[in-house]
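In what follows, a structure is listed as structure tokens, so that the remarks can point back to it.
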Amino acid sequence: SSVTFDRSIPVLTNVTMASNNANNAYAKEGDIITLSFGSNFAEPLQEYPDVSIGGNPATISGSANVWSATYLLQSGDDEGEIDFTIDFVDIAGNVGAQVTSLTAGSKVIYDETIPTMASVTIASNNSNGGTLAKVNDVITISVTSSNGEPLQKPTITIANNAATVSGNNGESVFTGSYTMQSSDNTGVIPFSVDFRDLANNEGVQITDVINDVDGGVTFDKQAPSFTSVTISSDNSNNTSLAIVNDQITLELTSDEDIIAGTDPTILINGNNA
């Protein structure tokens, strides 16, 4: 028989961290964090290394020189980069230096906070004002996250149609635009904004403006018309007759308000009224 003398301090290699979130660089409540590591020169460790993730005891699996530790994130865990510790001993009893940093990659960021919007505005490019729209006008929704939090590219609908959204994942300001069509319903234009942060926490769907002093936009696809048109003369004998120097009056009643300062063009007997 023989005895092997080992005085080498064990060292961990390939220490990496990931989450099972769709974006494995981030994690939200209920996600699982996995810390993977091995020992140098395939040196076996005593079972089991002592691992904490986010200050909580981790579940250990593996053997010899290949190990992993997992932790299910809970409400109330500290947000931000997830810290960890690994304490380990080789089979000869040599104690390794506690490991608190990765050898590759970055620590996973924990975020359990539901994202919100600081500003949601809607406007039209109509020449008579941003709160009015007609067919072929472009409606723009602008959204800004609270505290500049980076978000995934949101899904925006305008008048129940998918909007074209500009902006990239990881930004805090986005716009969605849509060109109004004759098939869209008249009235106040509805919209919706669905959004998530980078950890996939889903915000509450937004259907009303936030911090928009002008309010909504009203869509009008109907051309104006007159419901009543009357003509009369100031002839003293008969208002249906006129002689030289009599004044003719044309009275019109429209079916909707006409913009102030845009009087209709009227010709009476070929002359401008």
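Identifiers in the structure tokens: chain A, B, ... in order shown; residue index from 1 per chain; ligand index from 1 in order shown.
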
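When the distance limit is 7 Å and only C-alpha atoms are what count, the residues near A:Val99, minus those fewer than 4 positions from it on the same chain, are Thr85, Ile86 and Asp87 of chain A.
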
Those selected residues, please, written with N, CA, C and O atoms and delivered as a PDB file, in the first residue's frame.
```pdb
ATOM      1  N   THR A  85     -20.987  32.554  -2.857  1.00  0.00           N
ATOM      2  CA  THR A  85     -19.747  32.083  -2.224  1.00  0.00           C
ATOM      3  C   THR A  85     -19.634  30.582  -2.441  1.00  0.00           C
ATOM      4  O   THR A  85     -20.648  29.866  -2.466  1.00  0.00           O
ATOM      5  N   ILE A  86     -18.408  30.118  -2.623  1.00  0.00           N
ATOM      6  CA  ILE A  86     -18.126  28.678  -2.713  1.00  0.00           C
ATOM      7  C   ILE A  86     -16.982  28.365  -1.756  1.00  0.00           C
ATOM      8  O   ILE A  86     -15.879  28.915  -1.892  1.00  0.00           O
ATOM      9  N   ASP A  87     -17.252  27.518  -0.795  1.00  0.00           N
ATOM     10  CA  ASP A  87     -16.211  27.021   0.114  1.00  0.00           C
ATOM     11  C   ASP A  87     -16.008  25.546  -0.188  1.00  0.00           C
ATOM     12  O   ASP A  87     -16.976  24.774  -0.304  1.00  0.00           O
TER      13      ASP A  87
END
```

Open item on the list: List the spatial neighbours of stretch 156-168 of chain A as an NGL selection string - criterion: any atom at most 6 Å away, only C-alpha atoms, same-chain residues fewer than 3 positions off excluded.
Closed with: :A and (153 or 171 or 174-178 or 189-193)

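The space between atom CA of A:Gly105 and atom CA of A:Leu12 spans 15.2 Å.
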
Would you give me, as a tab-separated table, each residue of stretch 129-211 of chain A having an atom within 7 Å of an atom of stretch 16-38 of chain A, along with its shortest atom pair and that distance in Å to one decimal, using only C-alpha atoms and sorting by chain and residue number?
```
residue	atom	partner	partner_atom	distance
A:Leu198	CA	A:Tyr26	CA	6.8
A:Ala199	CA	A:Tyr26	CA	5.0
A:Asn201	CA	A:Lys28	CA	6.8
```

TODO: Have a look at A:Val217, A:Phe84, A:Ile141, A:Tyr48 and name the one nearest to A:Val108; count only C-alpha atoms.
DONE: A:Phe84

With only C-alpha atoms as the counted atoms, please give the residues lying no more than 7 Å from A:Gly187, apart from itself and same-chain residues fewer than 3 positions off, as a short mmCIF file (atom, residue, chain, number, x, y, z; two decimals) with C-alpha atoms, in the first residue's frame.
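The result, stored in out.cif:
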```cif
data_model
loop_
_atom_site.label_atom_id
_atom_site.label_comp_id
_atom_site.auth_asym_id
_atom_site.auth_seq_id
_atom_site.Cartn_x
_atom_site.Cartn_y
_atom_site.Cartn_z
CA THR A 218 -59.98 61.86 -32.53
CA PHE A 219 -60.30 60.24 -35.96
CA ASP A 220 -62.75 61.72 -38.48
#
```

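Computed from the coordinates, the atom CA of A:Ser228 to atom CA of A:Thr249 distance equals 13.6 Å.
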
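Comparing the minimum interatomic distances between A:Gly148 and each of A:Ser119, A:Thr131, A:Thr179, A:Asn200, counting only C-alpha atoms, we find that A:Ser119 sits nearest.
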
Task: Atom pair atom CA of A:Val11 / atom CA of A:Asp50: separation (Å) - done: 14.5 Å

TODO: Extract the full set of helix (DSSP H, G or I) residues from stretch 14-220 of chain A according to DSSP on the backbone, and format it as a PyMOL selection string.
DONE: chain A and resi 40-42+146-148

Atoms to include: C-alpha atoms. Write the selected residues as an mmCIF file, in the first residue's frame.
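What ended up in result09.cif:
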```cif
data_model
loop_
_atom_site.group_PDB
_atom_site.id
_atom_site.type_symbol
_atom_site.label_atom_id
_atom_site.label_comp_id
_atom_site.auth_asym_id
_atom_site.auth_seq_id
_atom_site.Cartn_x
_atom_site.Cartn_y
_atom_site.Cartn_z
ATOM 1 C CA ASN A 40 -8.100 22.257 -11.221
ATOM 2 C CA PHE A 41 -6.211 19.312 -12.661
ATOM 3 C CA ALA A 42 -9.334 17.198 -12.279
ATOM 4 C CA SER A 146 -39.957 54.982 -15.354
ATOM 5 C CA ASN A 147 -36.481 55.840 -14.075
ATOM 6 C CA GLY A 148 -35.014 55.100 -17.497
#
```

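Nearest to A:Val89 of all the residues A:Ser52, A:Ser8, A:Ser233, A:Ser183 is A:Ser8, counting only C-alpha atoms.
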
TODO: Write out as a PyMOL selection string which residues come within 10 Å of A:Asn126 when counting only C-alpha atoms, dropping same-chain ones fewer than 5 positions away.
DONE: chain A and resi 131-139

Requested write-out: N, CA and C atoms of the selected residues, as a compact mmCIF listing (two decimals), in the first residue's frame:
```txt
# COMPACT_ATOMS: atom_id res chain seq x y z
N THR A 131 -54.30 66.58 -32.08
CA THR A 131 -55.39 65.81 -31.47
C THR A 131 -56.46 65.43 -32.49
N LEU A 132 -56.23 65.74 -33.76
CA LEU A 132 -57.18 65.42 -34.83
C LEU A 132 -56.50 64.53 -35.86
N ALA A 133 -57.30 63.69 -36.51
CA ALA A 133 -56.74 62.82 -37.54
C ALA A 133 -57.79 62.52 -38.59
N LYS A 134 -57.32 62.36 -39.82
CA LYS A 134 -58.16 61.92 -40.92
C LYS A 134 -57.46 60.77 -41.63
N VAL A 135 -58.09 60.23 -42.64
CA VAL A 135 -57.49 59.13 -43.40
C VAL A 135 -56.12 59.56 -43.93
N ASN A 136 -55.14 58.66 -43.78
CA ASN A 136 -53.74 58.83 -44.21
C ASN A 136 -52.90 59.68 -43.26
N ASP A 137 -53.50 60.18 -42.17
CA ASP A 137 -52.67 60.81 -41.15
C ASP A 137 -51.93 59.73 -40.37
N VAL A 138 -50.75 60.08 -39.87
CA VAL A 138 -49.93 59.14 -39.10
C VAL A 138 -50.09 59.41 -37.61
N ILE A 139 -50.44 58.36 -36.88
CA ILE A 139 -50.58 58.45 -35.42
C ILE A 139 -49.32 57.89 -34.78
```
